[in-house]
$ cat start.pdb   # PDB, N, CA, C and O atoms
ATOM      1  N   MET W   1      90.563 102.978 -62.086
ATOM      2  CA  MET W   1      90.724 104.239 -62.805
ATOM      3  C   MET W   1      90.926 105.367 -61.801
ATOM      4  O   MET W   1      90.288 105.413 -60.769
ATOM      5  N   LYS W   2      91.781 106.292 -62.149
ATOM      6  CA  LYS W   2      92.009 107.469 -61.313
ATOM      7  C   LYS W   2      90.825 108.414 -61.478
ATOM      8  O   LYS W   2      90.249 108.534 -62.556
ATOM      9  N   LYS W   3      90.477 109.066 -60.386
ATOM     10  CA  LYS W   3      89.337 109.979 -60.407
ATOM     11  C   LYS W   3      89.775 111.373 -59.994
ATOM     12  O   LYS W   3      90.623 111.531 -59.125
ATOM     13  N   PHE W   4      89.160 112.365 -60.631
ATOM     14  CA  PHE W   4      89.425 113.767 -60.318
ATOM     15  C   PHE W   4      88.116 114.405 -59.889
ATOM     16  O   PHE W   4      87.110 114.282 -60.586
ATOM     17  N   LEU W   5      88.138 115.090 -58.781
ATOM     18  CA  LEU W   5      86.944 115.713 -58.218
ATOM     19  C   LEU W   5      87.099 117.225 -58.246
ATOM     20  O   LEU W   5      88.091 117.760 -57.748
ATOM     21  N   MET W   6      86.127 117.913 -58.847
ATOM     22  CA  MET W   6      86.156 119.374 -58.905
ATOM     23  C   MET W   6      84.868 119.925 -58.318
ATOM     24  O   MET W   6      83.783 119.427 -58.616
ATOM     25  N   PHE W   7      85.009 120.936 -57.489
ATOM     26  CA  PHE W   7      83.873 121.612 -56.872
ATOM     27  C   PHE W   7      83.586 122.900 -57.635
ATOM     28  O   PHE W   7      84.512 123.585 -58.063
ATOM     29  N   SER W   8      82.308 123.228 -57.742
ATOM     30  CA  SER W   8      81.922 124.503 -58.332
ATOM     31  C   SER W   8      80.662 124.988 -57.634
ATOM     32  O   SER W   8      79.696 124.249 -57.506
ATOM     33  N   SER W   9      80.689 126.225 -57.203
ATOM     34  CA  SER W   9      79.486 126.780 -56.594
ATOM     35  C   SER W   9      78.546 127.347 -57.647
ATOM     36  O   SER W   9      77.419 127.715 -57.359
ATOM     37  N   TYR W  10      79.014 127.385 -58.917
ATOM     38  CA  TYR W  10      78.211 127.913 -60.018
ATOM     39  C   TYR W  10      78.546 127.097 -61.266
ATOM     40  O   TYR W  10      79.588 127.300 -61.897
ATOM     41  N   LEU W  11      77.689 126.148 -61.602
ATOM     42  CA  LEU W  11      77.976 125.178 -62.656
ATOM     43  C   LEU W  11      78.370 125.795 -64.000
ATOM     44  O   LEU W  11      79.291 125.291 -64.650
ATOM     45  N   PRO W  12      77.729 126.866 -64.479
ATOM     46  CA  PRO W  12      78.127 127.414 -65.789
ATOM     47  C   PRO W  12      79.599 127.847 -65.868
ATOM     48  O   PRO W  12      80.172 127.886 -66.954
ATOM     49  N   SER W  13      80.212 128.140 -64.757
ATOM     50  CA  SER W  13      81.608 128.589 -64.793
ATOM     51  C   SER W  13      82.585 127.453 -65.071
ATOM     52  O   SER W  13      83.728 127.707 -65.474
ATOM     53  N   ILE W  14      82.162 126.213 -64.902
ATOM     54  CA  ILE W  14      83.073 125.082 -65.112
ATOM     55  C   ILE W  14      83.619 125.072 -66.538
ATOM     56  O   ILE W  14      84.827 125.042 -66.750
ATOM     57  N   LEU W  15      82.745 125.061 -67.518
ATOM     58  CA  LEU W  15      83.227 125.024 -68.905
ATOM     59  C   LEU W  15      83.844 126.342 -69.330
ATOM     60  O   LEU W  15      84.835 126.359 -70.067
ATOM     61  N   ASN W  16      83.305 127.449 -68.854
ATOM     62  CA  ASN W  16      83.819 128.756 -69.259
ATOM     63  C   ASN W  16      85.230 129.011 -68.758
ATOM     64  O   ASN W  16      86.063 129.557 -69.483
ATOM     65  N   PHE W  17      85.502 128.635 -67.506
ATOM     66  CA  PHE W  17      86.783 128.992 -66.903
ATOM     67  C   PHE W  17      87.722 127.815 -66.671
ATOM     68  O   PHE W  17      88.918 128.013 -66.497
ATOM     69  N   ARG W  18      87.186 126.591 -66.630
ATOM     70  CA  ARG W  18      88.025 125.426 -66.332
ATOM     71  C   ARG W  18      87.919 124.330 -67.380
ATOM     72  O   ARG W  18      88.429 123.242 -67.191
ATOM     73  N   GLY W  19      87.256 124.615 -68.491
ATOM     74  CA  GLY W  19      87.047 123.600 -69.524
ATOM     75  C   GLY W  19      88.331 122.996 -70.053
ATOM     76  O   GLY W  19      88.453 121.774 -70.170
ATOM     77  N   ASP W  20      89.313 123.836 -70.377
ATOM     78  CA  ASP W  20      90.586 123.334 -70.901
ATOM     79  C   ASP W  20      91.337 122.518 -69.858
ATOM     80  O   ASP W  20      91.938 121.484 -70.182
ATOM     81  N   LEU W  21      91.308 122.970 -68.621
ATOM     82  CA  LEU W  21      91.978 122.247 -67.539
ATOM     83  C   LEU W  21      91.361 120.860 -67.354
ATOM     84  O   LEU W  21      92.078 119.856 -67.284
ATOM     85  N   ILE W  22      90.043 120.806 -67.300
ATOM     86  CA  ILE W  22      89.372 119.524 -67.095
ATOM     87  C   ILE W  22      89.625 118.592 -68.275
ATOM     88  O   ILE W  22      89.864 117.394 -68.096
ATOM     89  N   ALA W  23      89.597 119.127 -69.494
ATOM     90  CA  ALA W  23      89.870 118.300 -70.674
ATOM     91  C   ALA W  23      91.285 117.720 -70.613
ATOM     92  O   ALA W  23      91.499 116.546 -70.952
ATOM     93  N   ALA W  24      92.246 118.516 -70.193
ATOM     94  CA  ALA W  24      93.629 118.039 -70.089
ATOM     95  C   ALA W  24      93.750 116.939 -69.034
ATOM     96  O   ALA W  24      94.476 115.959 -69.228
ATOM     97  N   ILE W  25      93.042 117.101 -67.938
ATOM     98  CA  ILE W  25      93.070 116.081 -66.885
ATOM     99  C   ILE W  25      92.411 114.793 -67.383
ATOM    100  O   ILE W  25      92.916 113.693 -67.150
ATOM    101  N   ALA W  26      91.290 114.930 -68.094
ATOM    102  CA  ALA W  26      90.605 113.755 -68.647
ATOM    103  C   ALA W  26      91.502 113.044 -69.665
ATOM    104  O   ALA W  26      91.527 111.807 -69.716
ATOM    105  N   ASP W  27      92.252 113.816 -70.450
ATOM    106  CA  ASP W  27      93.157 113.228 -71.439
ATOM    107  C   ASP W  27      94.269 112.406 -70.791
ATOM    108  O   ASP W  27      94.856 111.535 -71.430
ATOM    109  N   ARG W  28      94.555 112.677 -69.548
ATOM    110  CA  ARG W  28      95.578 111.919 -68.816
ATOM    111  C   ARG W  28      95.009 110.667 -68.158
ATOM    112  O   ARG W  28      95.678 110.021 -67.358
ATOM    113  N   GLY W  29      93.749 110.366 -68.468
ATOM    114  CA  GLY W  29      93.163 109.114 -67.997
ATOM    115  C   GLY W  29      92.330 109.207 -66.737
ATOM    116  O   GLY W  29      91.978 108.188 -66.159
ATOM    117  N   TYR W  30      92.014 110.402 -66.316
ATOM    118  CA  TYR W  30      91.216 110.566 -65.106
ATOM    119  C   TYR W  30      89.726 110.540 -65.431
ATOM    120  O   TYR W  30      89.295 111.057 -66.468
ATOM    121  N   GLU W  31      88.959 109.965 -64.540
ATOM    122  CA  GLU W  31      87.501 110.042 -64.588
ATOM    123  C   GLU W  31      87.109 111.333 -63.874
ATOM    124  O   GLU W  31      87.495 111.547 -62.733
ATOM    125  N   ILE W  32      86.360 112.190 -64.547
ATOM    126  CA  ILE W  32      86.047 113.517 -64.023
ATOM    127  C   ILE W  32      84.709 113.512 -63.303
ATOM    128  O   ILE W  32      83.696 113.095 -63.864
ATOM    129  N   HIS W  33      84.707 113.997 -62.061
ATOM    130  CA  HIS W  33      83.490 114.156 -61.262
ATOM    131  C   HIS W  33      83.394 115.622 -60.849
ATOM    132  O   HIS W  33      84.344 116.185 -60.300
ATOM    133  N   ILE W  34      82.249 116.215 -61.112
ATOM    134  CA  ILE W  34      82.028 117.628 -60.790
ATOM    135  C   ILE W  34      80.897 117.716 -59.781
ATOM    136  O   ILE W  34      79.832 117.124 -59.968
ATOM    137  N   LEU W  35      81.142 118.434 -58.691
ATOM    138  CA  LEU W  35      80.142 118.641 -57.649
ATOM    139  C   LEU W  35      79.683 120.082 -57.688
ATOM    140  O   LEU W  35      80.516 120.996 -57.684
ATOM    141  N   ALA W  36      78.361 120.282 -57.728
ATOM    142  CA  ALA W  36      77.814 121.631 -57.802
ATOM    143  C   ALA W  36      76.383 121.626 -57.267
ATOM    144  O   ALA W  36      75.711 120.599 -57.308
ATOM    145  N   PRO W  37      75.917 122.783 -56.811
ATOM    146  CA  PRO W  37      74.526 122.875 -56.356
ATOM    147  C   PRO W  37      73.587 123.260 -57.503
ATOM    148  O   PRO W  37      74.039 123.682 -58.576
ATOM    149  N   ASP W  38      72.323 123.103 -57.256
ATOM    150  CA  ASP W  38      71.269 123.627 -58.142
ATOM    151  C   ASP W  38      71.394 123.164 -59.588
ATOM    152  O   ASP W  38      71.276 123.957 -60.520
ATOM    153  N   LEU W  39      71.620 121.881 -59.803
ATOM    154  CA  LEU W  39      71.785 121.376 -61.161
ATOM    155  C   LEU W  39      70.548 121.585 -62.022
ATOM    156  O   LEU W  39      70.656 121.809 -63.228
ATOM    157  N   GLU W  40      69.376 121.546 -61.397
ATOM    158  CA  GLU W  40      68.136 121.703 -62.170
ATOM    159  C   GLU W  40      68.026 123.082 -62.805
ATOM    160  O   GLU W  40      67.368 123.247 -63.826
ATOM    161  N   GLN W  41      68.689 124.078 -62.250
ATOM    162  CA  GLN W  41      68.661 125.428 -62.821
ATOM    163  C   GLN W  41      69.566 125.561 -64.042
ATOM    164  O   GLN W  41      69.414 126.483 -64.835
ATOM    165  N   PHE W  42      70.512 124.661 -64.170
ATOM    166  CA  PHE W  42      71.511 124.766 -65.232
ATOM    167  C   PHE W  42      71.536 123.487 -66.066
ATOM    168  O   PHE W  42      72.593 122.908 -66.311
ATOM    169  N   SER W  43      70.372 123.062 -66.521
ATOM    170  CA  SER W  43      70.267 121.786 -67.220
ATOM    171  C   SER W  43      71.086 121.773 -68.517
ATOM    172  O   SER W  43      71.647 120.742 -68.889
ATOM    173  N   GLU W  44      71.193 122.895 -69.197
ATOM    174  CA  GLU W  44      71.977 122.942 -70.436
ATOM    175  C   GLU W  44      73.454 122.682 -70.151
ATOM    176  O   GLU W  44      74.110 121.906 -70.850
ATOM    177  N   ASP W  45      73.989 123.322 -69.114
ATOM    178  CA  ASP W  45      75.398 123.101 -68.735
ATOM    179  C   ASP W  45      75.604 121.683 -68.232
ATOM    180  O   ASP W  45      76.616 121.051 -68.534
ATOM    181  N   HIS W  46      74.641 121.193 -67.477
ATOM    182  CA  HIS W  46      74.701 119.815 -66.974
ATOM    183  C   HIS W  46      74.771 118.842 -68.145
ATOM    184  O   HIS W  46      75.606 117.925 -68.168
ATOM    185  N   ASP W  47      73.931 119.034 -69.147
ATOM    186  CA  ASP W  47      73.913 118.158 -70.317
ATOM    187  C   ASP W  47      75.228 118.227 -71.091
ATOM    188  O   ASP W  47      75.734 117.200 -71.556
ATOM    189  N   LYS W  48      75.796 119.423 -71.224
ATOM    190  CA  LYS W  48      77.081 119.567 -71.921
ATOM    191  C   LYS W  48      78.169 118.766 -71.213
ATOM    192  O   LYS W  48      78.972 118.085 -71.865
ATOM    193  N   LEU W  49      78.210 118.864 -69.898
ATOM    194  CA  LEU W  49      79.219 118.136 -69.128
ATOM    195  C   LEU W  49      79.008 116.629 -69.227
ATOM    196  O   LEU W  49      79.973 115.867 -69.367
ATOM    197  N   MET W  50      77.758 116.200 -69.176
ATOM    198  CA  MET W  50      77.461 114.773 -69.287
ATOM    199  C   MET W  50      77.833 114.253 -70.685
ATOM    200  O   MET W  50      78.323 113.133 -70.813
ATOM    201  N   ASN W  51      77.624 115.066 -71.717
ATOM    202  CA  ASN W  51      77.989 114.663 -73.082
ATOM    203  C   ASN W  51      79.500 114.516 -73.252
ATOM    204  O   ASN W  51      79.959 113.824 -74.160
ATOM    205  N   LEU W  52      80.263 115.171 -72.399
ATOM    206  CA  LEU W  52      81.719 115.029 -72.405
ATOM    207  C   LEU W  52      82.172 113.828 -71.573
ATOM    208  O   LEU W  52      83.360 113.637 -71.348
ATOM    209  N   SER W  53      81.207 113.051 -71.093
ATOM    210  CA  SER W  53      81.456 111.860 -70.259
ATOM    211  C   SER W  53      81.975 112.209 -68.874
ATOM    212  O   SER W  53      82.700 111.428 -68.259
ATOM    213  N   TYR W  54      81.615 113.384 -68.383
ATOM    214  CA  TYR W  54      81.940 113.761 -67.012
ATOM    215  C   TYR W  54      80.748 113.404 -66.136
ATOM    216  O   TYR W  54      79.599 113.440 -66.579
ATOM    217  N   TYR W  55      81.018 113.089 -64.902
ATOM    218  CA  TYR W  55      79.961 112.796 -63.940
ATOM    219  C   TYR W  55      79.662 114.071 -63.159
ATOM    220  O   TYR W  55      80.580 114.707 -62.649
ATOM    221  N   VAL W  56      78.395 114.419 -63.086
ATOM    222  CA  VAL W  56      78.001 115.642 -62.385
ATOM    223  C   VAL W  56      77.098 115.248 -61.227
ATOM    224  O   VAL W  56      76.122 114.527 -61.410
ATOM    225  N   HIS W  57      77.460 115.716 -60.026
ATOM    226  CA  HIS W  57      76.737 115.364 -58.808
ATOM    227  C   HIS W  57      76.192 116.625 -58.153
ATOM    228  O   HIS W  57      76.891 117.637 -58.072
ATOM    229  N   SER W  58      74.990 116.519 -57.661
ATOM    230  CA  SER W  58      74.381 117.640 -56.946
ATOM    231  C   SER W  58      74.751 117.566 -55.463
ATOM    232  O   SER W  58      74.616 116.505 -54.845
ATOM    233  N   VAL W  59      75.231 118.667 -54.942
ATOM    234  CA  VAL W  59      75.517 118.761 -53.506
ATOM    235  C   VAL W  59      74.961 120.082 -52.993
ATOM    236  O   VAL W  59      74.933 121.076 -53.709
ATOM    237  N   PRO W  60      74.505 120.094 -51.731
ATOM    238  CA  PRO W  60      74.037 121.363 -51.164
ATOM    239  C   PRO W  60      75.233 122.281 -50.925
ATOM    240  O   PRO W  60      76.193 121.896 -50.275
ATOM    241  N   MET W  61      75.198 123.441 -51.526
ATOM    242  CA  MET W  61      76.318 124.369 -51.387
ATOM    243  C   MET W  61      75.785 125.783 -51.590
ATOM    244  O   MET W  61      74.958 126.019 -52.460
ATOM    245  N   GLN W  62      76.275 126.689 -50.776
ATOM    246  CA  GLN W  62      75.891 128.085 -50.924
ATOM    247  C   GLN W  62      77.040 128.847 -51.558
ATOM    248  O   GLN W  62      78.198 128.664 -51.193
ATOM    249  N   ARG W  63      76.696 129.697 -52.519
ATOM    250  CA  ARG W  63      77.739 130.488 -53.183
ATOM    251  C   ARG W  63      78.328 131.528 -52.242
ATOM    252  O   ARG W  63      79.497 131.859 -52.325
ATOM    253  N   VAL W  64      77.500 132.067 -51.393
ATOM    254  CA  VAL W  64      77.950 133.050 -50.415
ATOM    255  C   VAL W  64      77.299 132.705 -49.084
ATOM    256  O   VAL W  64      76.315 131.998 -49.018
ATOM    257  N   GLY W  65      77.855 133.207 -48.027
ATOM    258  CA  GLY W  65      77.261 132.976 -46.721
ATOM    259  C   GLY W  65      78.273 132.444 -45.728
ATOM    260  O   GLY W  65      79.349 131.978 -46.084
ATOM    261  N   THR W  66      77.887 132.508 -44.486
ATOM    262  CA  THR W  66      78.774 132.056 -43.416
ATOM    263  C   THR W  66      78.009 131.186 -42.430
ATOM    264  O   THR W  66      78.250 131.246 -41.229
ATOM    265  N   ASN W  67      77.111 130.376 -42.948
ATOM    266  CA  ASN W  67      76.305 129.513 -42.099
ATOM    267  C   ASN W  67      77.048 128.193 -41.868
ATOM    268  O   ASN W  67      77.157 127.365 -42.768
ATOM    269  N   PRO W  68      77.555 127.961 -40.648
ATOM    270  CA  PRO W  68      78.319 126.739 -40.398
ATOM    271  C   PRO W  68      77.476 125.471 -40.539
ATOM    272  O   PRO W  68      78.000 124.425 -40.925
ATOM    273  N   VAL W  69      76.187 125.546 -40.277
ATOM    274  CA  VAL W  69      75.329 124.371 -40.437
ATOM    275  C   VAL W  69      75.256 123.981 -41.917
ATOM    276  O   VAL W  69      75.374 122.807 -42.277
ATOM    277  N   ALA W  70      75.092 124.954 -42.780
ATOM    278  CA  ALA W  70      75.062 124.678 -44.216
ATOM    279  C   ALA W  70      76.404 124.127 -44.688
ATOM    280  O   ALA W  70      76.450 123.229 -45.538
ATOM    281  N   ASP W  71      77.485 124.643 -44.134
ATOM    282  CA  ASP W  71      78.809 124.147 -44.506
ATOM    283  C   ASP W  71      78.991 122.691 -44.088
ATOM    284  O   ASP W  71      79.581 121.900 -44.825
ATOM    285  N   VAL W  72      78.489 122.329 -42.934
ATOM    286  CA  VAL W  72      78.571 120.938 -42.466
ATOM    287  C   VAL W  72      77.756 120.031 -43.384
ATOM    288  O   VAL W  72      78.191 118.924 -43.719
ATOM    289  N   GLU W  73      76.591 120.491 -43.825
ATOM    290  CA  GLU W  73      75.777 119.707 -44.762
ATOM    291  C   GLU W  73      76.549 119.454 -46.062
ATOM    292  O   GLU W  73      76.497 118.349 -46.611
ATOM    293  N   THR W  74      77.255 120.454 -46.521
ATOM    294  CA  THR W  74      78.060 120.299 -47.736
ATOM    295  C   THR W  74      79.157 119.268 -47.515
ATOM    296  O   THR W  74      79.363 118.382 -48.355
ATOM    297  N   VAL W  75      79.860 119.360 -46.412
ATOM    298  CA  VAL W  75      80.949 118.422 -46.113
ATOM    299  C   VAL W  75      80.419 116.991 -46.031
ATOM    300  O   VAL W  75      81.011 116.057 -46.590
ATOM    301  N   ILE W  76      79.292 116.806 -45.372
ATOM    302  CA  ILE W  76      78.707 115.463 -45.241
ATOM    303  C   ILE W  76      78.321 114.915 -46.620
ATOM    304  O   ILE W  76      78.587 113.752 -46.930
ATOM    305  N   ALA W  77      77.711 115.739 -47.456
ATOM    306  CA  ALA W  77      77.320 115.302 -48.799
ATOM    307  C   ALA W  77      78.556 114.916 -49.626
ATOM    308  O   ALA W  77      78.536 113.911 -50.349
ATOM    309  N   VAL W  78      79.610 115.688 -49.505
ATOM    310  CA  VAL W  78      80.842 115.382 -50.256
ATOM    311  C   VAL W  78      81.467 114.085 -49.760
ATOM    312  O   VAL W  78      81.874 113.231 -50.558
ATOM    313  N   LEU W  79      81.515 113.901 -48.464
ATOM    314  CA  LEU W  79      82.075 112.663 -47.924
ATOM    315  C   LEU W  79      81.289 111.450 -48.367
ATOM    316  O   LEU W  79      81.867 110.393 -48.670
ATOM    317  N   ARG W  80      79.973 111.568 -48.447
ATOM    318  CA  ARG W  80      79.157 110.450 -48.929
ATOM    319  C   ARG W  80      79.490 110.102 -50.378
ATOM    320  O   ARG W  80      79.546 108.945 -50.756
ATOM    321  N   LEU W  81      79.683 111.117 -51.187
ATOM    322  CA  LEU W  81      80.026 110.866 -52.587
ATOM    323  C   LEU W  81      81.409 110.251 -52.727
ATOM    324  O   LEU W  81      81.621 109.387 -53.587
ATOM    325  N   ILE W  82      82.339 110.659 -51.913
ATOM    326  CA  ILE W  82      83.689 110.128 -51.997
ATOM    327  C   ILE W  82      83.721 108.652 -51.612
ATOM    328  O   ILE W  82      84.425 107.856 -52.227
ATOM    329  N   ARG W  83      82.932 108.287 -50.640
ATOM    330  CA  ARG W  83      82.893 106.883 -50.222
ATOM    331  C   ARG W  83      82.262 106.067 -51.294
ATOM    332  O   ARG W  83      82.477 105.004 -51.616
TER     333      ARG W  83
END
$ encode --input "start.pdb" --output "structure tokens"
Amino acid sequence: MKKFLMFSSYLPSILNFRGDLIAAIADRGYEIHILAPDLEQFSEDHDKLMNLSYYVHSVPMQRVGTNPVADVETVIAVLRLIR
């Protein structure tokens, strides 16, 4: 199965701003995977996405900042999920 990976630094924005796009991609046969930080803070949005049969993964990510160490942690977490 083809897989589509979407990153979000703020989980609630996925359905609000990209819901139609993701639905269209899923309709084309893609398995949807969403990567976002702080899933425990947004359990309602997480549940909505899971009910749509999307996979939601927690990754360390900062919405703002310029910390290269934190950025490397994000890259490593994403690479682990991709493998």
$ residues_around --input "start.pdb" --residues "W:Ile76" --least-positions-apart "6" --cutoff "12 Å" --atoms "only C-alpha atoms" --output "list of chain:residue names"
W:Val59, W:Pro60, W:Met61, W:Val69, W:Ala70, W:Ile82, W:Arg83
$ select_by_dssp --input "start.pdb" --residues "chain W" --states "alpha helix (DSSP H)" --output "MDAnalysis selection string"
chainID W and resid 12:27 43:51 68:82
$ resolve_selection --input "start.pdb" --expression "the PyMOL selection byres ((chain W and resi 8-23) around 7)" --output "list in words"
Met6, Phe7, Ala24, Ile25, Ala26, Asp27, Arg28, Tyr30, Ile32, Ile34, Leu35, Ala36, Pro37, Asp38, Phe42, Asp45, His46, Val59, Met61, Gln62 and Arg63 of chain W
$ axis_aligned_box --input "start.pdb" --around "stretch 36-41 of chain W" --padding-each-side "5 Å" --output "JSON"
{"center_x": 72.9, "center_y": 123.4, "center_z": -60.6, "size_x": 21.0, "size_y": 16.2, "size_z": 18.5}
$ select_by_dssp --input "start.pdb" --residues "chain W" --states "strand (DSSP E)" --output "number ranges by chain"
W: 3-7, 31-36, 55-58
$ atom_distance --input "start.pdb" --atom1 "atom O of W:Tyr54" --atom2 "atom CA of W:Leu5"
11.4 Å
$ build_atoms --input "start.pdb" --residues "stretch 63-72 of chain W" --atoms "all heavy atoms" --output "PDB file, keeping the file's coordinate frame"
ATOM      1  N   ARG W  63      76.696 129.697 -52.519  1.00  0.00           N
ATOM      2  CA  ARG W  63      77.739 130.488 -53.183  1.00  0.00           C
ATOM      3  C   ARG W  63      78.328 131.528 -52.242  1.00  0.00           C
ATOM      4  O   ARG W  63      79.497 131.859 -52.325  1.00  0.00           O
ATOM      5  CB  ARG W  63      77.169 131.171 -54.420  1.00  0.00           C
ATOM      6  CG  ARG W  63      76.820 130.181 -55.500  1.00  0.00           C
ATOM      7  CD  ARG W  63      76.322 130.851 -56.734  1.00  0.00           C
ATOM      8  NE  ARG W  63      77.378 131.695 -57.287  1.00  0.00           N
ATOM      9  CZ  ARG W  63      77.160 132.647 -58.149  1.00  0.00           C
ATOM     10  NH1 ARG W  63      75.945 132.912 -58.560  1.00  0.00           N
ATOM     11  NH2 ARG W  63      78.156 133.364 -58.625  1.00  0.00           N
ATOM     12  N   VAL W  64      77.500 132.067 -51.393  1.00  0.00           N
ATOM     13  CA  VAL W  64      77.950 133.050 -50.415  1.00  0.00           C
ATOM     14  C   VAL W  64      77.299 132.705 -49.084  1.00  0.00           C
ATOM     15  O   VAL W  64      76.315 131.998 -49.018  1.00  0.00           O
ATOM     16  CB  VAL W  64      77.561 134.488 -50.824  1.00  0.00           C
ATOM     17  CG1 VAL W  64      78.293 134.895 -52.085  1.00  0.00           C
ATOM     18  CG2 VAL W  64      76.080 134.618 -51.021  1.00  0.00           C
ATOM     19  N   GLY W  65      77.855 133.207 -48.027  1.00  0.00           N
ATOM     20  CA  GLY W  65      77.261 132.976 -46.721  1.00  0.00           C
ATOM     21  C   GLY W  65      78.273 132.444 -45.728  1.00  0.00           C
ATOM     22  O   GLY W  65      79.349 131.978 -46.084  1.00  0.00           O
ATOM     23  N   THR W  66      77.887 132.508 -44.486  1.00  0.00           N
ATOM     24  CA  THR W  66      78.774 132.056 -43.416  1.00  0.00           C
ATOM     25  C   THR W  66      78.009 131.186 -42.430  1.00  0.00           C
ATOM     26  O   THR W  66      78.250 131.246 -41.229  1.00  0.00           O
ATOM     27  CB  THR W  66      79.389 133.262 -42.686  1.00  0.00           C
ATOM     28  OG1 THR W  66      78.317 134.088 -42.213  1.00  0.00           O
ATOM     29  CG2 THR W  66      80.294 134.057 -43.607  1.00  0.00           C
ATOM     30  N   ASN W  67      77.111 130.376 -42.948  1.00  0.00           N
ATOM     31  CA  ASN W  67      76.305 129.513 -42.099  1.00  0.00           C
ATOM     32  C   ASN W  67      77.048 128.193 -41.868  1.00  0.00           C
ATOM     33  O   ASN W  67      77.157 127.365 -42.768  1.00  0.00           O
ATOM     34  CB  ASN W  67      74.953 129.251 -42.775  1.00  0.00           C
ATOM     35  CG  ASN W  67      74.037 128.395 -41.933  1.00  0.00           C
ATOM     36  OD1 ASN W  67      74.462 127.756 -40.991  1.00  0.00           O
ATOM     37  ND2 ASN W  67      72.773 128.399 -42.302  1.00  0.00           N
ATOM     38  N   PRO W  68      77.555 127.961 -40.648  1.00  0.00           N
ATOM     39  CA  PRO W  68      78.319 126.739 -40.398  1.00  0.00           C
ATOM     40  C   PRO W  68      77.476 125.471 -40.539  1.00  0.00           C
ATOM     41  O   PRO W  68      78.000 124.425 -40.925  1.00  0.00           O
ATOM     42  CB  PRO W  68      78.841 126.908 -38.971  1.00  0.00           C
ATOM     43  CG  PRO W  68      78.069 128.017 -38.379  1.00  0.00           C
ATOM     44  CD  PRO W  68      77.510 128.836 -39.484  1.00  0.00           C
ATOM     45  N   VAL W  69      76.187 125.546 -40.277  1.00  0.00           N
ATOM     46  CA  VAL W  69      75.329 124.371 -40.437  1.00  0.00           C
ATOM     47  C   VAL W  69      75.256 123.981 -41.917  1.00  0.00           C
ATOM     48  O   VAL W  69      75.374 122.807 -42.277  1.00  0.00           O
ATOM     49  CB  VAL W  69      73.919 124.628 -39.856  1.00  0.00           C
ATOM     50  CG1 VAL W  69      72.983 123.478 -40.162  1.00  0.00           C
ATOM     51  CG2 VAL W  69      74.002 124.880 -38.361  1.00  0.00           C
ATOM     52  N   ALA W  70      75.092 124.954 -42.780  1.00  0.00           N
ATOM     53  CA  ALA W  70      75.062 124.678 -44.216  1.00  0.00           C
ATOM     54  C   ALA W  70      76.404 124.127 -44.688  1.00  0.00           C
ATOM     55  O   ALA W  70      76.450 123.229 -45.538  1.00  0.00           O
ATOM     56  CB  ALA W  70      74.704 125.939 -44.985  1.00  0.00           C
ATOM     57  N   ASP W  71      77.485 124.643 -44.134  1.00  0.00           N
ATOM     58  CA  ASP W  71      78.809 124.147 -44.506  1.00  0.00           C
ATOM     59  C   ASP W  71      78.991 122.691 -44.088  1.00  0.00           C
ATOM     60  O   ASP W  71      79.581 121.900 -44.825  1.00  0.00           O
ATOM     61  CB  ASP W  71      79.904 125.011 -43.884  1.00  0.00           C
ATOM     62  CG  ASP W  71      79.945 126.413 -44.472  1.00  0.00           C
ATOM     63  OD1 ASP W  71      79.380 126.612 -45.574  1.00  0.00           O
ATOM     64  OD2 ASP W  71      80.533 127.299 -43.828  1.00  0.00           O
ATOM     65  N   VAL W  72      78.489 122.329 -42.934  1.00  0.00           N
ATOM     66  CA  VAL W  72      78.571 120.938 -42.466  1.00  0.00           C
ATOM     67  C   VAL W  72      77.756 120.031 -43.384  1.00  0.00           C
ATOM     68  O   VAL W  72      78.191 118.924 -43.719  1.00  0.00           O
ATOM     69  CB  VAL W  72      78.112 120.816 -40.991  1.00  0.00           C
ATOM     70  CG1 VAL W  72      77.939 119.363 -40.587  1.00  0.00           C
ATOM     71  CG2 VAL W  72      79.105 121.513 -40.074  1.00  0.00           C
TER      72      VAL W  72
END
